[in-house]
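S.K.: Can you read through this structure? Questions will come right after.
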Amino acid sequence: MEQYINTDLELRSLDSVCVNESQLNHKWYHNLKYLAVGVLFGIIFVKSEVVSWFRIQEMFRLQSFHMYGIIGSAVVVGMISVWLIKKFNIKTIYGETIEFHAKKFNKGQIYGGLIFGLGWAVTGACPGPLFAQIGTGATVIIITLLSAIAGTWVYGLIREKLPH
């Protein structure tokens, strides 16, 4: 078996989602705020029909603007939020600096996006609303959740062999 030597440790550290991960230690009940926000977010997903398989199918068939409007609104809110954070040097609620690292485009993002979109179209679910869909009683989505977990696990196994 070929041994892999990771020669780009600094680059990999910037490739991580958690480059802004807090080093603060809190008691367990500090996480309840995330539970509350998650529940609220799930309620909003259900009420806005973002978790509706039919709405997702309408989007992929180009039959309705509903989902495009929601996704577009989220992109605009995200852009404004990042701009405000950079412009006013906004810090976390604990006073930590928020850092943004430039990402380099590569063709793997195209392949990943196509695979993600195909899975989204076939299952009628993307990772965001999976738990809300399960919470509404669509228990068949548990298979999609387990598949997403398995896909993430497989990616972790073969990540070093993929072009980045």
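Identifiers in this document derive from the order of the structure tokens: chains are assigned A, B, ..., residues are numbered from 1 separately in each chain, and ligands are numbered from 1 in order of occurrence.
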Excluding Trp120 in chain A and any residue of its chain fewer than 2 positions from it, enumerate the residues within 12 Å of it, using only C-alpha atoms, and give them as a list of chain:residue names.
M.R.: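 That gives A:Val51, A:Trp53, A:Ile56, A:Gln57, A:Met59, A:Phe60, A:Gly113, A:Leu114, A:Ile115, A:Phe116, A:Gly117, A:Leu118, A:Val122, A:Thr123, A:Gly124, A:Ala125, A:Cys126, A:Pro127, A:Gly128, A:Pro129, A:Leu130, A:Ile141, A:Thr144, A:Leu145, A:Ser147, A:Ala148.
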S.K.: Kindly save the residues from that selection, with N, CA and C atoms included, as a compact mmCIF listing (two decimals), in the first residue's frame.
M.R.:
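The new file again.txt reads:
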```
# COMPACT_ATOMS: atom_id res chain seq x y z
N VAL A 51 -38.50 22.46 3.08
CA VAL A 51 -38.30 21.02 3.24
C VAL A 51 -39.28 20.20 2.40
N TRP A 53 -40.62 18.19 -0.49
CA TRP A 53 -40.10 17.45 -1.64
C TRP A 53 -40.70 18.00 -2.92
N ILE A 56 -39.01 21.24 -3.94
CA ILE A 56 -37.67 20.96 -4.47
C ILE A 56 -37.78 20.42 -5.89
N GLN A 57 -38.74 19.54 -6.13
CA GLN A 57 -38.94 19.02 -7.49
C GLN A 57 -39.37 20.12 -8.45
N MET A 59 -38.48 23.17 -8.27
CA MET A 59 -37.29 23.96 -8.55
C MET A 59 -36.45 23.29 -9.64
N PHE A 60 -36.20 21.99 -9.49
CA PHE A 60 -35.35 21.30 -10.46
C PHE A 60 -36.02 21.15 -11.82
N GLY A 113 -20.19 19.86 -6.94
CA GLY A 113 -21.48 20.54 -7.09
C GLY A 113 -22.46 19.71 -7.91
N LEU A 114 -21.97 19.08 -8.96
CA LEU A 114 -22.84 18.23 -9.79
C LEU A 114 -23.33 17.02 -9.01
N ILE A 115 -22.45 16.39 -8.26
CA ILE A 115 -22.85 15.23 -7.45
C ILE A 115 -23.85 15.67 -6.38
N PHE A 116 -23.57 16.80 -5.72
CA PHE A 116 -24.48 17.34 -4.71
C PHE A 116 -25.85 17.63 -5.31
N GLY A 117 -25.88 18.32 -6.45
CA GLY A 117 -27.15 18.66 -7.11
C GLY A 117 -27.92 17.43 -7.54
N LEU A 118 -27.20 16.43 -8.06
CA LEU A 118 -27.86 15.19 -8.47
C LEU A 118 -28.50 14.50 -7.26
N VAL A 122 -32.51 13.87 -6.74
CA VAL A 122 -33.03 12.50 -6.61
C VAL A 122 -33.74 12.29 -5.28
N THR A 123 -33.13 12.78 -4.19
CA THR A 123 -33.70 12.53 -2.87
C THR A 123 -34.72 13.58 -2.44
N GLY A 124 -34.65 14.76 -3.03
CA GLY A 124 -35.53 15.85 -2.60
C GLY A 124 -35.10 16.45 -1.29
N ALA A 125 -33.81 16.30 -0.97
CA ALA A 125 -33.31 16.81 0.30
C ALA A 125 -31.84 17.20 0.17
N CYS A 126 -31.49 18.33 0.76
CA CYS A 126 -30.08 18.69 0.90
C CYS A 126 -29.77 18.64 2.40
N PRO A 127 -28.52 18.70 2.79
CA PRO A 127 -28.19 18.50 4.21
C PRO A 127 -28.88 19.46 5.18
N GLY A 128 -29.14 20.70 4.78
CA GLY A 128 -29.75 21.67 5.69
C GLY A 128 -31.07 21.20 6.29
N PRO A 129 -32.04 20.87 5.47
CA PRO A 129 -33.35 20.52 6.01
C PRO A 129 -33.58 19.04 6.34
N LEU A 130 -32.55 18.21 6.29
CA LEU A 130 -32.75 16.78 6.56
C LEU A 130 -33.46 16.54 7.89
N ILE A 141 -36.51 9.82 5.07
CA ILE A 141 -35.34 10.69 4.90
C ILE A 141 -34.18 10.21 5.78
N THR A 144 -31.65 8.94 3.59
CA THR A 144 -30.86 10.01 2.98
C THR A 144 -29.82 10.52 3.97
N LEU A 145 -30.20 10.69 5.24
CA LEU A 145 -29.27 11.14 6.27
C LEU A 145 -28.12 10.15 6.43
N SER A 147 -27.09 8.03 4.23
CA SER A 147 -26.30 8.08 3.00
C SER A 147 -25.37 9.29 3.00
N ALA A 148 -25.84 10.43 3.48
CA ALA A 148 -25.00 11.63 3.57
C ALA A 148 -23.84 11.39 4.53
```
S.K.: Can you tell me which residues surround Gly112 in chain A at a distance of at most 12 Å, considering only C-alpha atoms, apart from same-chain residues fewer than 3 positions away, and format the answer as a list of chain:residue names?
M.R.: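 Close residues of Gly112 in chain A: A:Asn106, A:Lys107, A:Gly108, A:Gln109, A:Ile115, A:Phe116, A:Gly117, A:Leu118, A:Gly119, A:Gly151, A:Thr152, A:Tyr155, A:Leu162, A:Pro163, A:His164.
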S.K.: Sorted by chain and rising residue number, which residues of range 59-122 of chain A lie within 12 Å of range 21-39 of chain A, and what are their closest atom pairs and distances in Å to one decimal, counting only C-alpha atoms, as a Markdown table?
M.R.:
```
| residue | atom | partner | partner_atom | distance |
| --- | --- | --- | --- | --- |
| A:Lys91 | CA | A:Ser22 | CA | 11.9 |
| A:Thr92 | CA | A:Ser22 | CA | 9.5 |
| A:Ile93 | CA | A:Ser22 | CA | 11.1 |
| A:Tyr94 | CA | A:Leu24 | CA | 8.7 |
| A:Gly95 | CA | A:Ser22 | CA | 10.5 |
| A:Glu96 | CA | A:Ser22 | CA | 7.8 |
| A:Thr97 | CA | A:Ser22 | CA | 9.9 |
| A:Ile98 | CA | A:Glu21 | CA | 9.6 |
| A:Glu99 | CA | A:Glu21 | CA | 10.3 |
```
S.K.: Check the DSSP output for the backbone and give back, as a ChimeraX atom specification, the residues of range 14-153 of chain A in helix (DSSP H, G or I).
M.R.: /A:14-15,28-47,53-60,66-88,107-123,130-135,141-153
S.K.: Quick check, in Å to one decimal: how far apart do CA of Ser64 in chain A and CA of Ile80 in chain A lie?
M.R.: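 Computing it gives 25.7 Å between the two atoms.
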S.K.: Report as a compact mmCIF listing (two decimals) with all heavy atoms, in the first residue's frame all protein, DNA and RNA residues lying within 12 Å of Gly69 in chain A, evaluated on only C-alpha atoms, omitting residues in the same chain fewer than 4 positions from it.
M.R.:
```txt
# COMPACT_ATOMS: atom_id res chain seq x y z
N SER A 48 -41.82 27.75 5.54
CA SER A 48 -41.53 28.33 4.22
C SER A 48 -41.53 27.27 3.11
O SER A 48 -41.29 27.60 1.96
CB SER A 48 -40.19 29.05 4.24
OG SER A 48 -39.14 28.11 4.45
N VAL A 50 -39.43 24.96 2.55
CA VAL A 50 -38.10 24.62 2.04
C VAL A 50 -37.86 23.12 2.13
O VAL A 50 -37.13 22.56 1.32
CB VAL A 50 -37.00 25.40 2.82
CG1 VAL A 50 -35.61 24.88 2.51
CG2 VAL A 50 -37.09 26.87 2.50
N ARG A 55 -41.75 21.10 -3.52
CA ARG A 55 -41.14 22.39 -3.85
C ARG A 55 -39.75 22.19 -4.47
O ARG A 55 -39.37 22.90 -5.40
CB ARG A 55 -41.01 23.27 -2.60
CG ARG A 55 -42.29 23.86 -2.14
CD ARG A 55 -42.76 24.90 -3.11
NE ARG A 55 -43.88 25.65 -2.56
CZ ARG A 55 -44.50 26.59 -3.20
NH1 ARG A 55 -44.13 26.93 -4.42
NH2 ARG A 55 -45.50 27.21 -2.65
N MET A 59 -38.48 23.17 -8.27
CA MET A 59 -37.29 23.96 -8.55
C MET A 59 -36.45 23.29 -9.64
O MET A 59 -36.03 23.94 -10.60
CB MET A 59 -36.45 24.12 -7.28
CG MET A 59 -35.12 24.82 -7.51
SD MET A 59 -34.07 24.90 -6.05
CE MET A 59 -33.62 23.20 -5.82
N SER A 64 -41.17 26.64 -10.74
CA SER A 64 -41.54 27.60 -9.71
C SER A 64 -40.32 28.41 -9.28
O SER A 64 -39.20 27.90 -9.26
CB SER A 64 -42.12 26.87 -8.50
OG SER A 64 -42.36 27.76 -7.44
N PHE A 65 -40.56 29.66 -8.92
CA PHE A 65 -39.50 30.55 -8.46
C PHE A 65 -39.30 30.45 -6.94
O PHE A 65 -38.31 30.94 -6.40
CB PHE A 65 -39.83 31.99 -8.85
CG PHE A 65 -38.77 32.98 -8.44
CD1 PHE A 65 -37.58 33.07 -9.14
CD2 PHE A 65 -38.97 33.81 -7.35
CE1 PHE A 65 -36.59 33.96 -8.75
CE2 PHE A 65 -38.00 34.72 -6.96
CZ PHE A 65 -36.81 34.79 -7.66
N SER A 73 -32.28 34.87 -1.70
CA SER A 73 -32.34 35.74 -0.52
C SER A 73 -31.25 35.36 0.47
O SER A 73 -30.60 36.25 1.06
CB SER A 73 -33.70 35.62 0.17
OG SER A 73 -34.73 36.04 -0.69
N ALA A 74 -31.02 34.07 0.66
CA ALA A 74 -29.97 33.61 1.58
C ALA A 74 -28.59 34.04 1.10
O ALA A 74 -27.75 34.46 1.90
CB ALA A 74 -30.03 32.10 1.74
N VAL A 75 -28.36 33.96 -0.20
CA VAL A 75 -27.07 34.39 -0.76
C VAL A 75 -26.86 35.89 -0.53
O VAL A 75 -25.78 36.32 -0.10
CB VAL A 75 -26.97 34.03 -2.26
CG1 VAL A 75 -25.77 34.70 -2.92
CG2 VAL A 75 -26.91 32.52 -2.45
N VAL A 76 -27.89 36.69 -0.78
CA VAL A 76 -27.78 38.14 -0.58
C VAL A 76 -27.55 38.46 0.89
O VAL A 76 -26.67 39.28 1.22
CB VAL A 76 -29.04 38.87 -1.12
CG1 VAL A 76 -29.05 40.33 -0.70
CG2 VAL A 76 -29.11 38.74 -2.63
```
S.K.: What gap, in Å, lies between CA of Ile44 in chain A and CA of Ile134 in chain A?
M.R.: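 According to the coordinates, CA of Ile44 in chain A and CA of Ile134 in chain A are separated by 14.6 Å.
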S.K.: Using only C-alpha atoms, pick whichever of A:Trp83, A:Glu49, A:Leu40, A:Phe100 has the shortest atom-to-atom distance to Ile70 in chain A.
M.R.: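 Of the candidates, the smallest distance to Ile70 in chain A is held by A:Glu49.
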S.K.: Taking only C-alpha atoms into account, name the residue in A:Ile85, A:Tyr68, A:Val77, A:Phe131 that is nearest to Ile143 in chain A.
M.R.: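 Ranked by minimum distance to Ile143 in chain A, first place goes to A:Phe131.
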S.K.: Measuring atom to atom with only C-alpha atoms, identify which of A:Ala132, A:His101, A:Ala138, A:Lys87 is nearest to Phe41 in chain A.
M.R.: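 For Phe41 in chain A, the nearest of the given residues is A:Ala132.
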